[in-house]
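Notes to accompany the following structure.
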Amino acid sequence: MTTPHTPRMHIIETYFECCGFDHTLLQGGTSVYLWNLSRAFAARGHRVSIVTPAHGRLDDLRSRYDVEDLPYEDTYTLPIVLDPQVWRGFPAEAAIGLRTTAHRIRLEGVDLYFLSNDYLDRLPVTFYPPYSAKGRDLVFFKPLVFQADSVRFLRHWFGEERAVVHAHEPYYHYLLPAALRDDPTKLVVSTVQSNMPIGKKVYGPEVRRLLELVDVKAELANAVGQDEDAGPAAIVQYQQLTHLHYTYPPDHVALYELTAEHADLIDFLSPGQLDFYASFRDTPFAELFERLPMAEVVRRNAHKMFVGGCAISDEWLARDPSRVDRADVLGGLGMDPALPTFFHNARYAVHHKGQVELVRAVDRVLSEGLAANFVLRCIAGEGIDDPYFHEVARRHAGRLHLEWERVDEGRVFAYAASSDFCLFPSKFEMDTFLIAQGEAMACGAVPIATAQEGMAHFRHAEGPVTGTGFAVNRSFAEDDSLLTAALVDRIREAVTLWSEEPDRYRELSARASAVARAFTWEHCAELHLAAFSRLWRGEPAEPPTQLALRHGWFDALRDAPADAVREAAVAHGAVDVYERHAPLDADAARRIFDSAWRRADFAACERILERAPSGAVDQEDVDRLRGRHPGAAEGRIRYRLPHAERVELVVPSDADERGRALPLVQTLERTAPGEFTGPAPGRPGARLLLTLSSGRVTWDEVRGD
């Protein structure tokens, strides 16, 4: 129910796919998220509408629901300016004639509006156009057609009604915040649903023409730029291998900037996801990000950022794990139910989900004789195409069960409830909440997972007092040997815990379940409604002081406590900031130096040496700092850093005929702890990519070339 502090609002959810109410139409997790959140809003007394395409499935809907054909018809021509470098052989502008109708289903207190026309009704099975359509088939622009249609429908059907328009994923709504910016009755909230690269761009002339269509004049100058000039070529080129950033020609527009600048609020699914999007700290992208205009866009709009959260379904949480017959489930898979059992459940996405490293780790521990079961679900409609996965499954039949088919939720629940541990070695910070990990934990499975910020809410990386399980360092490399080795170690630790410390295992299992079960749709609705209510009442946003302190945005701080600023300055190696708030004595200099050294922020170390009192930093530490490059011999480079786990030489390359350039990456040989060597790069501009024992990834220069 609404309260005096939560006014009754009209909340309009809009996304390219909102069919979570019917499993026969379901395509992705965002659809489930939207339906559960919408029902939670409606249950609290709010008026809730959903606007989405019909995707050519109106007849299916009519067979199961009461579909109302609305008195709405919108006939217009959608002009799409085509990028000549992509759409070769096509005209400069495609004129798409459309006749859009609207249809409504009222279900569980939610009004669902389905828009239908020739383009929105295409791809009735998959809904989403394949990437292969780009440059070949105009159906690629189906999501863009929906953007234009949704703006026109919102303006016409809801007119001057006051509403919060809650849009999801910038790629699917980047026109909408600007289109509704000058409408005082519509408050726009943009949700970053997945960690798409923050610098993702689209063709600028296309965006300008479409904004003209919806009568919007938006300043795009800051959104257009060329990233190649933002930093050293080796660092820029390497980003393509991280899945964090790609370069675009200078006539392209950043989607996140369009949404962030014009939306009233920016919604994230977890605190870690918000933190990650704020600065990409400790990743190979962080140094480059700070040089991009997008970094200033983030800081300028940080006051709009909030965590609306995500949740585990009520249906899953209502099931009782104790009612699952473990012996029957595992025995049915040919496994020994008396052995510790590990579970993985994700779509088949080898880089995103760390599945190559996972299978390598399982292969290694089982080949070495570890007594354990592994149930690995890598969901793929057309099967798993990597023969290595099947080879490992055959080699360890009876200990490893590999499956890829979609099955009913009851079977997945039975697997989770029959497992002692769950494995989620996700990579590249692509996860924003990871419902599957929460589902397994809710059944009592102790997690072994990467210490990604987008998964931090599950507390597996917190340590023995409050932690729920085991963590491995984040990974931003394909086929990462460090991740494989870490998984092997954690799996062995887990089996030892299960066998030798059963009370400690039960404590972790109970804690994991309790943490996961706190993520309910009721709580998620509360978080959203608190933010929406402040927006509805016109309350000014709070300054993002804590976010600024965590990420070192010292210019954005106004009234932060001096001691908090000093501690942040120590953490970020900001000597000048520290000196503005306190004298730089020997103790402070030492603390700043040590912090910078642990982060391999060598520039900050050098700044401290320039400003610190004499003798504040031990000569031994100065020698370590300045002895990282002990010199080259016979065409080889050497590198020393005690807390480096891996050092890679990244050498820039020349662009190919398409203007693309991938660097040459070579892992230096580790000859002793903290000692590395390898061939000299042979050309200028190379950089060293450091992976530290803490999991931080950062850059250093090459000397002795």
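Here, A, B, ... name the chains of the structure tokens in the order displayed, residue numbers run from 1 inside each chain, and ligands are numbered from 1 in the same displayed order.
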Compile the contact shell of Arg534 (chain A) as a PyMOL selection string: residues with an atom at most 12 Å away, counting only C-alpha atoms, same-chain residues fewer than 2 positions apart removed. chain A and resi 5-7+9+164+187+264-265+304+306+527-532+536-542
So that I can see what lies close to Ile11 (chain A), please list as a ChimeraX atom specification the residues with an atom at most 10 Å from it, counting only C-alpha atoms and leaving out residues fewer than 2 positions away in the same chain. /A:8-9,13-14,38,41-42,46-50,162-166,186-187,529,532
Picked from region 247-338 of chain A by DSSP as strand (DSSP E or B), as a VMD selection string: chain A and resid 252 to 254 265 to 268 305 to 307
Which polymer residues have any atom within 9 Å of an atom of region 466-471 of chain A, counting only C-alpha atoms, with same-chain residues fewer than 3 positions away left out, as a list in words? Phe421, Pro425, Met441, Val446, Pro447, Ile448, Ala449, Thr450, Ala451, Phe458, Arg459, His460, Ala461, Glu462, Gly463, Ala486, Leu487, Arg490, Glu493, Ala494, Glu507, Leu508, Ser509, Ala510, Arg511, Ala512, Ser513 and Val515 of chain A
Of the candidates A:Glu357, A:Asp275, A:Glu368, A:Asp267, which one gets nearest to Tyr388 (chain A) if we count only C-alpha atoms? A:Glu357
Write down as a ChimeraX atom specification the residues of region 161-233 of chain A whose backbone DSSP state falls under helix (DSSP H, G or I). /A:170-172,176-180,204-213,221-223,227-230,233
Can you list, as number ranges by chain, every protein, DNA or RNA residue that comes within 6 Å of Tyr348 (chain A) when you count only C-alpha atoms, leaving out same-chain residues fewer than 3 positions away? A: 378-380
Near region 64-72 of chain A, counting only C-alpha atoms, which residues have an atom at most 6 Å away, once you skip same-chain residues fewer than 2 positions from it, shown as a ChimeraX atom specification? /A:61-62,101-105
Restricting the output to N, CA and C atoms, write the selected residues as a PDB file, in the first residue's frame.
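Dumped to out26.pdb:
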```pdb
ATOM      1  N   LEU A  61      -1.322 -14.227 -28.049  1.00  0.00           N
ATOM      2  CA  LEU A  61      -1.857 -13.560 -26.869  1.00  0.00           C
ATOM      3  C   LEU A  61      -3.382 -13.654 -26.827  1.00  0.00           C
ATOM      4  N   ARG A  62      -4.028 -13.481 -27.969  1.00  0.00           N
ATOM      5  CA  ARG A  62      -5.499 -13.540 -28.002  1.00  0.00           C
ATOM      6  C   ARG A  62      -6.001 -14.925 -27.591  1.00  0.00           C
ATOM      7  N   THR A 101      -0.458   0.199 -34.447  1.00  0.00           N
ATOM      8  CA  THR A 101      -1.667   0.049 -33.641  1.00  0.00           C
ATOM      9  C   THR A 101      -1.266  -0.371 -32.232  1.00  0.00           C
ATOM     10  N   ALA A 102      -2.195  -0.224 -31.291  1.00  0.00           N
ATOM     11  CA  ALA A 102      -1.912  -0.546 -29.891  1.00  0.00           C
ATOM     12  C   ALA A 102      -2.982  -1.480 -29.343  1.00  0.00           C
ATOM     13  N   HIS A 103      -2.557  -2.372 -28.455  1.00  0.00           N
ATOM     14  CA  HIS A 103      -3.436  -3.413 -27.920  1.00  0.00           C
ATOM     15  C   HIS A 103      -3.100  -3.598 -26.442  1.00  0.00           C
ATOM     16  N   ARG A 104      -4.115  -3.886 -25.640  1.00  0.00           N
ATOM     17  CA  ARG A 104      -3.913  -3.888 -24.185  1.00  0.00           C
ATOM     18  C   ARG A 104      -4.399  -5.185 -23.556  1.00  0.00           C
ATOM     19  N   ILE A 105      -3.609  -5.656 -22.588  1.00  0.00           N
ATOM     20  CA  ILE A 105      -4.008  -6.754 -21.709  1.00  0.00           C
ATOM     21  C   ILE A 105      -3.920  -6.230 -20.281  1.00  0.00           C
TER      22      ILE A 105
END
```
